[in-house]
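Worksheet: one structure, shown below.
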Amino acid sequence: MGIENNILVKLKDVGLKRNDKWLVKGVSLVVEKSKIITLIGPNGSGKSTTAKIALGLHKNIEGEVQKLTNKIGYVPQKISIDWTLPLRVKDFMLLTDDLNDKLIDEALTLTGVDHLKNKNLGNLSGGEFQRVLLARAVSKKPELLVLDEPVQGVDFTGEIALYKLIKEISEKLNCGILLISHDLHTVMSATDFVLCLNGHVCCSGTPKDVAMSNEYKVLFGEQASQTLSIYEHKHDHTHSDDGEIKKN
Amino acid sequence: MFDDFFIRALVAGIGVAFVTGPLGCFVVWRRLSYFGDTLAHSALLGVTMALAFEINIAISIFIISSVIAIILVKLEKNTNLPGDALLGLLAHSSLAVGLVVVGFLSFIRFDVMGLLFGDILAVNIDDLIIIWGGGAIILIVLKLIWKPLFASTVNYELAEAEGLNPDRAKAIFTILLAALIAISIKLVGVLLITGMLIIPTAMARNLSDNPKKMVVFSIIGGLLSVFIGLFSSLEFNTSSGPSIIAAALFLFIISLFKIKQTIQLKN
């Protein structure tokens, strides 16, 4: 099999403009089977927007998106469940696909929340809900997983375990993962390729390459690659109103 | 057996309740109560059109309601007014225009009160065929679009990202709503059809912990409302629409005790 056959999604120089301002511009990336691509960057750097472009959720984009699979699992960054809709965890698991009970149990056990199957979705804690979201996305055995900050609200030990799990899932299901994260240290250990965004691609490469690169050091600080220090993000440039880059 | 007007009304009511149950759930979940109201108000204009041009009332209502729905979508895109203001604008202006046109049609005798509040005496065999035939089609189509409609009700982007088509489902649902109003107007009337959609569903919400249960209870609530409402309508000589809705309200109030119990159990 050639490399071409493994490609699930290909973005070529994509961008999105809202109200005359570029939310994100000039991003190219490829997600392949059993590979984890991670997007990092500060708030408002266009991580979620890029993920949504890859999923085909944004219309009127610039550039080219090639989606070569329809078996997709998605964990959005924000999701609020309305109280007017009574929904148990097991109803939620069936949202976009008809799954049998065995698959549901498997997925819930995988993320450690099988005991919540009959609970109402509105009664879950933030961390529990996040695990259910991940279980739902995984349960349909997708070829492409898009995870937008999948561990938010999960406690620290759970966070590390979940990232480990995500790595295992990608190997087990042979699926490609587009991961969005704030957590630099975990990104380093669980990913094949890193893309640092700040409205555009600041730097990219293997985790090691990125960690060694000057841009990375400028962006995240000297210590970031060695310790689990506080997330710090410095920039060598600012953006003009229309999203163009201005060097300081 | 269908010779008796009361049996006809009962059969019509049962047919309507089977459709308002599931559709009502989506109206409540998607917060479309006022949208339903707007479509229903425009139905009066549909009735007057039917009388003026001598076409079938249900078909005429269906067409006018669909047109109003399309106008609403266009206005939402092209104006800066909030959704509820646009709904109010369309609801009351179509009701007003409908009533004005009624005034012009003074050469035709017809019962405005019956139109606004329902008239069981007016239900004939043709209406039964339209209610049950139309109702069956509405339910079959709803079953077909259930997955994308429900998934996008929970989360639009998630549904779209995972390959469903929420926009198409939403458009079809709007048409189903217009169709439901068209077939049920004689029984409940223009002003109260939204009540038939929402009140049994609100009762069902109080009794359910999952969506399927809510749909089932909503249908049961609708059926009970129709039975209690029609019998008391016969007994006290009241309009059928208000009697059915009052019965639905009665059931809703009873269901409140059930929530109270559940909340106490939780504490």
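Residue numbering restarts at 1 in every chain; chains get A, B, ... in the order shown in the structure tokens, and ligands count up from 1 in that same order.
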
Pull out every residue of chain A sitting within 6 Å of chain B, counting only C-alpha atoms, and send them as a tab-separated table (two decimals) with C-alpha atoms, in the first residue's frame.
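Result written to part22.tsv:
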```tsv
chain	number	residue	atom	x	y	z
A	55	LEU	CA	-14.73	17.91	9.25
A	72	ILE	CA	-15.81	9.79	11.57
A	84	THR	CA	-35.90	19.69	28.01
A	85	LEU	CA	-34.50	16.59	26.36
A	86	PRO	CA	-34.29	13.61	28.68
A	87	LEU	CA	-31.21	11.70	27.59
A	95	LEU	CA	-26.95	9.30	18.56
```

*asked:* Residues near stretch 8-16 of chain A, anyone? I mean within 6 Å using only C-alpha atoms, not counting same-chain ones fewer than 2 positions away, as an MDAnalysis selection string.
replied: chainID A and resid 22:32 61:69

_Between atom CA of B:Leu128 and atom CA of B:Ala182, what is the distance in Å, rounded to a tenth?_
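Rounded to one decimal, the two atoms are 12.6 Å apart.
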
*Taking into account only C-alpha atoms, which residue in the set B:Val16, B:Ile259, B:Leu187, B:Val27 is nearest to B:Thr201?*
B:Val27

*Can you tell me, as a ChimeraX atom specification, what residues are no more than 12 Å from stretch 70-83 of chain B when counting only C-alpha atoms, ignoring any on the same chain fewer than 2 positions away?*
/B:31-32,34-35,38-39,42,63-68,85-91,94,170-172,174-175,178

Emit the selected residues as a PDB file, in the first residue's frame, including N, CA and C atoms.
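Below is the file out_27.pdb, written as the result:
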```pdb
ATOM      1  N   ARG B  31     -37.373  23.904  20.710  1.00  0.00           N
ATOM      2  CA  ARG B  31     -37.891  25.230  21.083  1.00  0.00           C
ATOM      3  C   ARG B  31     -38.624  25.905  19.933  1.00  0.00           C
ATOM      4  N   LEU B  32     -39.560  25.178  19.372  1.00  0.00           N
ATOM      5  CA  LEU B  32     -40.275  25.696  18.211  1.00  0.00           C
ATOM      6  C   LEU B  32     -41.724  26.060  18.530  1.00  0.00           C
ATOM      7  N   TYR B  34     -43.310  28.741  19.379  1.00  0.00           N
ATOM      8  CA  TYR B  34     -43.865  29.919  18.707  1.00  0.00           C
ATOM      9  C   TYR B  34     -43.857  29.770  17.210  1.00  0.00           C
ATOM     10  N   PHE B  35     -42.926  28.935  16.733  1.00  0.00           N
ATOM     11  CA  PHE B  35     -42.931  28.647  15.306  1.00  0.00           C
ATOM     12  C   PHE B  35     -44.210  27.899  14.923  1.00  0.00           C
ATOM     13  N   THR B  38     -47.079  30.250  14.852  1.00  0.00           N
ATOM     14  CA  THR B  38     -47.087  31.081  13.653  1.00  0.00           C
ATOM     15  C   THR B  38     -47.683  30.327  12.469  1.00  0.00           C
ATOM     16  N   LEU B  39     -47.245  29.078  12.313  1.00  0.00           N
ATOM     17  CA  LEU B  39     -47.793  28.265  11.221  1.00  0.00           C
ATOM     18  C   LEU B  39     -49.295  28.105  11.387  1.00  0.00           C
ATOM     19  N   SER B  42     -51.288  31.179  10.492  1.00  0.00           N
ATOM     20  CA  SER B  42     -51.376  31.394   9.051  1.00  0.00           C
ATOM     21  C   SER B  42     -52.405  30.457   8.419  1.00  0.00           C
ATOM     22  N   ILE B  63     -50.319  24.483   1.976  1.00  0.00           N
ATOM     23  CA  ILE B  63     -49.553  25.348   1.073  1.00  0.00           C
ATOM     24  C   ILE B  63     -49.222  26.675   1.759  1.00  0.00           C
ATOM     25  N   ILE B  64     -50.236  27.312   2.362  1.00  0.00           N
ATOM     26  CA  ILE B  64     -49.998  28.621   2.990  1.00  0.00           C
ATOM     27  C   ILE B  64     -48.991  28.499   4.132  1.00  0.00           C
ATOM     28  N   SER B  65     -49.142  27.458   4.969  1.00  0.00           N
ATOM     29  CA  SER B  65     -48.211  27.293   6.094  1.00  0.00           C
ATOM     30  C   SER B  65     -46.789  27.093   5.591  1.00  0.00           C
ATOM     31  N   SER B  66     -46.639  26.314   4.532  1.00  0.00           N
ATOM     32  CA  SER B  66     -45.303  26.089   3.983  1.00  0.00           C
ATOM     33  C   SER B  66     -44.709  27.392   3.456  1.00  0.00           C
ATOM     34  N   VAL B  67     -45.555  28.191   2.779  1.00  0.00           N
ATOM     35  CA  VAL B  67     -45.080  29.468   2.254  1.00  0.00           C
ATOM     36  C   VAL B  67     -44.625  30.374   3.395  1.00  0.00           C
ATOM     37  N   ILE B  68     -45.432  30.413   4.482  1.00  0.00           N
ATOM     38  CA  ILE B  68     -45.062  31.238   5.640  1.00  0.00           C
ATOM     39  C   ILE B  68     -43.721  30.769   6.219  1.00  0.00           C
ATOM     40  N   ALA B  85     -39.387  38.119  17.184  1.00  0.00           N
ATOM     41  CA  ALA B  85     -40.082  39.273  16.601  1.00  0.00           C
ATOM     42  C   ALA B  85     -40.633  38.909  15.221  1.00  0.00           C
ATOM     43  N   LEU B  86     -39.823  38.195  14.438  1.00  0.00           N
ATOM     44  CA  LEU B  86     -40.274  37.791  13.101  1.00  0.00           C
ATOM     45  C   LEU B  86     -41.472  36.843  13.200  1.00  0.00           C
ATOM     46  N   LEU B  87     -41.408  35.932  14.179  1.00  0.00           N
ATOM     47  CA  LEU B  87     -42.517  34.996  14.357  1.00  0.00           C
ATOM     48  C   LEU B  87     -43.792  35.745  14.705  1.00  0.00           C
ATOM     49  N   GLY B  88     -43.672  36.710  15.627  1.00  0.00           N
ATOM     50  CA  GLY B  88     -44.835  37.502  16.015  1.00  0.00           C
ATOM     51  C   GLY B  88     -45.393  38.262  14.830  1.00  0.00           C
ATOM     52  N   LEU B  89     -44.486  38.841  14.072  1.00  0.00           N
ATOM     53  CA  LEU B  89     -44.877  39.602  12.880  1.00  0.00           C
ATOM     54  C   LEU B  89     -45.692  38.727  11.930  1.00  0.00           C
ATOM     55  N   LEU B  90     -45.158  37.558  11.626  1.00  0.00           N
ATOM     56  CA  LEU B  90     -45.830  36.683  10.669  1.00  0.00           C
ATOM     57  C   LEU B  90     -47.127  36.110  11.244  1.00  0.00           C
ATOM     58  N   ALA B  91     -47.090  35.709  12.521  1.00  0.00           N
ATOM     59  CA  ALA B  91     -48.269  35.085  13.125  1.00  0.00           C
ATOM     60  C   ALA B  91     -49.452  36.031  13.098  1.00  0.00           C
ATOM     61  N   SER B  94     -50.553  37.305   9.507  1.00  0.00           N
ATOM     62  CA  SER B  94     -51.296  36.331   8.695  1.00  0.00           C
ATOM     63  C   SER B  94     -52.682  36.073   9.290  1.00  0.00           C
ATOM     64  N   LYS B 170     -34.220  19.222   9.048  1.00  0.00           N
ATOM     65  CA  LYS B 170     -34.948  20.360   9.599  1.00  0.00           C
ATOM     66  C   LYS B 170     -36.002  20.865   8.606  1.00  0.00           C
ATOM     67  N   ALA B 171     -35.621  20.962   7.345  1.00  0.00           N
ATOM     68  CA  ALA B 171     -36.555  21.432   6.316  1.00  0.00           C
ATOM     69  C   ALA B 171     -37.746  20.486   6.203  1.00  0.00           C
ATOM     70  N   ILE B 172     -37.464  19.182   6.194  1.00  0.00           N
ATOM     71  CA  ILE B 172     -38.547  18.204   6.083  1.00  0.00           C
ATOM     72  C   ILE B 172     -39.451  18.281   7.309  1.00  0.00           C
ATOM     73  N   THR B 174     -40.133  20.852   9.123  1.00  0.00           N
ATOM     74  CA  THR B 174     -40.995  22.026   8.990  1.00  0.00           C
ATOM     75  C   THR B 174     -42.213  21.716   8.125  1.00  0.00           C
ATOM     76  N   ILE B 175     -41.962  20.993   7.044  1.00  0.00           N
ATOM     77  CA  ILE B 175     -43.066  20.614   6.159  1.00  0.00           C
ATOM     78  C   ILE B 175     -44.047  19.694   6.895  1.00  0.00           C
ATOM     79  N   ALA B 178     -46.278  21.749   9.095  1.00  0.00           N
ATOM     80  CA  ALA B 178     -47.325  22.412   8.304  1.00  0.00           C
ATOM     81  C   ALA B 178     -48.417  21.409   7.944  1.00  0.00           C
TER      82      ALA B 178
END
```

*Can you tell me, as a PyMOL selection string, what residues are no more than 10 Å from B:Leu95 when counting only C-alpha atoms, ignoring any on the same chain fewer than 6 positions away?*
chain B and resi 38-46+101+190-191

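Here atom CA of B:Ile220 and atom CA of B:Ala17 stand 8.0 Å from one another.
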
*asked:* With only C-alpha atoms as the counted atoms, please give the residues lying no more than 7 Å from A:Arg88, apart from itself and same-chain residues fewer than 3 positions off, as a PyMOL selection string.
replied: (chain A and resi 91-92+118-121) or (chain B and resi 210)

Let's have the selection written as a CSV table (one decimal), in the first residue's frame, with C-alpha atoms.
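As a result, out-v7.csv now contains:
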```csv
chain,number,residue,atom,x,y,z
A,91,ASP,CA,-29.4,7.0,24.4
A,92,PHE,CA,-26.5,9.4,23.7
A,118,ASN,CA,-28.3,4.3,32.6
A,119,LYS,CA,-27.6,7.7,34.2
A,120,ASN,CA,-29.1,10.9,32.9
A,121,LEU,CA,-26.6,12.9,30.8
B,210,ASN,CA,-35.4,9.0,28.0
```

_Every residue of stretch 1-162 of chain A that DSSP places in alpha helix (DSSP H), as a PyMOL selection string_ = chain A and resi 47-55+89-93+101-110+126-139+156-162

Could the residues in this selection be written to a file with C-alpha atoms, as a PDB file, in the first residue's frame?
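again19.pdb was written with the following content:
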```pdb
ATOM      1  CA  LYS A  47      -7.328  25.126  16.463  1.00  0.00           C
ATOM      2  CA  SER A  48     -11.029  24.329  16.662  1.00  0.00           C
ATOM      3  CA  THR A  49     -11.688  26.179  13.431  1.00  0.00           C
ATOM      4  CA  THR A  50      -9.077  24.074  11.659  1.00  0.00           C
ATOM      5  CA  ALA A  51     -10.621  20.890  13.040  1.00  0.00           C
ATOM      6  CA  LYS A  52     -14.073  21.988  11.897  1.00  0.00           C
ATOM      7  CA  ILE A  53     -12.736  22.789   8.443  1.00  0.00           C
ATOM      8  CA  ALA A  54     -11.307  19.274   8.279  1.00  0.00           C
ATOM      9  CA  LEU A  55     -14.733  17.913   9.249  1.00  0.00           C
ATOM     10  CA  VAL A  89     -25.843   7.914  28.488  1.00  0.00           C
ATOM     11  CA  LYS A  90     -26.956   4.882  26.501  1.00  0.00           C
ATOM     12  CA  ASP A  91     -29.359   6.985  24.392  1.00  0.00           C
ATOM     13  CA  PHE A  92     -26.519   9.388  23.697  1.00  0.00           C
ATOM     14  CA  MET A  93     -24.283   6.518  22.576  1.00  0.00           C
ATOM     15  CA  ASP A 101     -25.367  -3.219  23.472  1.00  0.00           C
ATOM     16  CA  LYS A 102     -22.042  -5.039  23.349  1.00  0.00           C
ATOM     17  CA  LEU A 103     -20.313  -2.247  21.430  1.00  0.00           C
ATOM     18  CA  ILE A 104     -21.751   0.365  23.776  1.00  0.00           C
ATOM     19  CA  ASP A 105     -20.528  -1.537  26.851  1.00  0.00           C
ATOM     20  CA  GLU A 106     -17.106  -2.032  25.285  1.00  0.00           C
ATOM     21  CA  ALA A 107     -16.651   1.642  24.543  1.00  0.00           C
ATOM     22  CA  LEU A 108     -17.903   2.791  27.942  1.00  0.00           C
ATOM     23  CA  THR A 109     -15.642   0.273  29.703  1.00  0.00           C
ATOM     24  CA  LEU A 110     -12.708   1.478  27.630  1.00  0.00           C
ATOM     25  CA  GLY A 126     -17.581  17.499  33.636  1.00  0.00           C
ATOM     26  CA  GLY A 127     -14.950  14.769  33.650  1.00  0.00           C
ATOM     27  CA  GLU A 128     -17.497  11.949  33.429  1.00  0.00           C
ATOM     28  CA  PHE A 129     -19.224  13.679  30.549  1.00  0.00           C
ATOM     29  CA  GLN A 130     -15.930  14.071  28.723  1.00  0.00           C
ATOM     30  CA  ARG A 131     -15.290  10.337  29.063  1.00  0.00           C
ATOM     31  CA  VAL A 132     -18.769   9.593  27.720  1.00  0.00           C
ATOM     32  CA  LEU A 133     -18.136  11.892  24.755  1.00  0.00           C
ATOM     33  CA  LEU A 134     -14.909  10.047  24.008  1.00  0.00           C
ATOM     34  CA  ALA A 135     -16.608   6.655  24.388  1.00  0.00           C
ATOM     35  CA  ARG A 136     -19.340   7.683  21.968  1.00  0.00           C
ATOM     36  CA  ALA A 137     -16.852   8.860  19.351  1.00  0.00           C
ATOM     37  CA  VAL A 138     -14.846   5.644  19.668  1.00  0.00           C
ATOM     38  CA  SER A 139     -17.773   3.213  19.854  1.00  0.00           C
ATOM     39  CA  PHE A 156      -4.791  15.041  36.456  1.00  0.00           C
ATOM     40  CA  THR A 157      -4.169  11.294  36.742  1.00  0.00           C
ATOM     41  CA  GLY A 158      -7.191  10.614  34.559  1.00  0.00           C
ATOM     42  CA  GLU A 159      -5.823  13.031  32.000  1.00  0.00           C
ATOM     43  CA  ILE A 160      -2.580  11.124  31.550  1.00  0.00           C
ATOM     44  CA  ALA A 161      -4.479   7.837  31.435  1.00  0.00           C
ATOM     45  CA  LEU A 162      -6.852   9.178  28.806  1.00  0.00           C
TER      46      LEU A 162
END
```

*Quote the spacing between atom CA of A:Met188 and atom CA of A:Ser204 in Å to one decimal place.*
12.4 Å

*Taking into account only C-alpha atoms, which residue in the set B:Ile120, B:Val102, B:Ala96, B:Ile253 is nearest to B:Ile185?*
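The answer is B:Ile120, which sits nearest to B:Ile185.
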
*asked:* If we count only C-alpha atoms and set the cut-off at 10 Å, which residues sit around B:Pro242, ignoring sequence neighbours fewer than 5 positions away in its own chain? Please answer as an MDAnalysis selection string.
replied: chainID B and resid 116:118 188:189 191:193 195:196 229:230 233 247:248
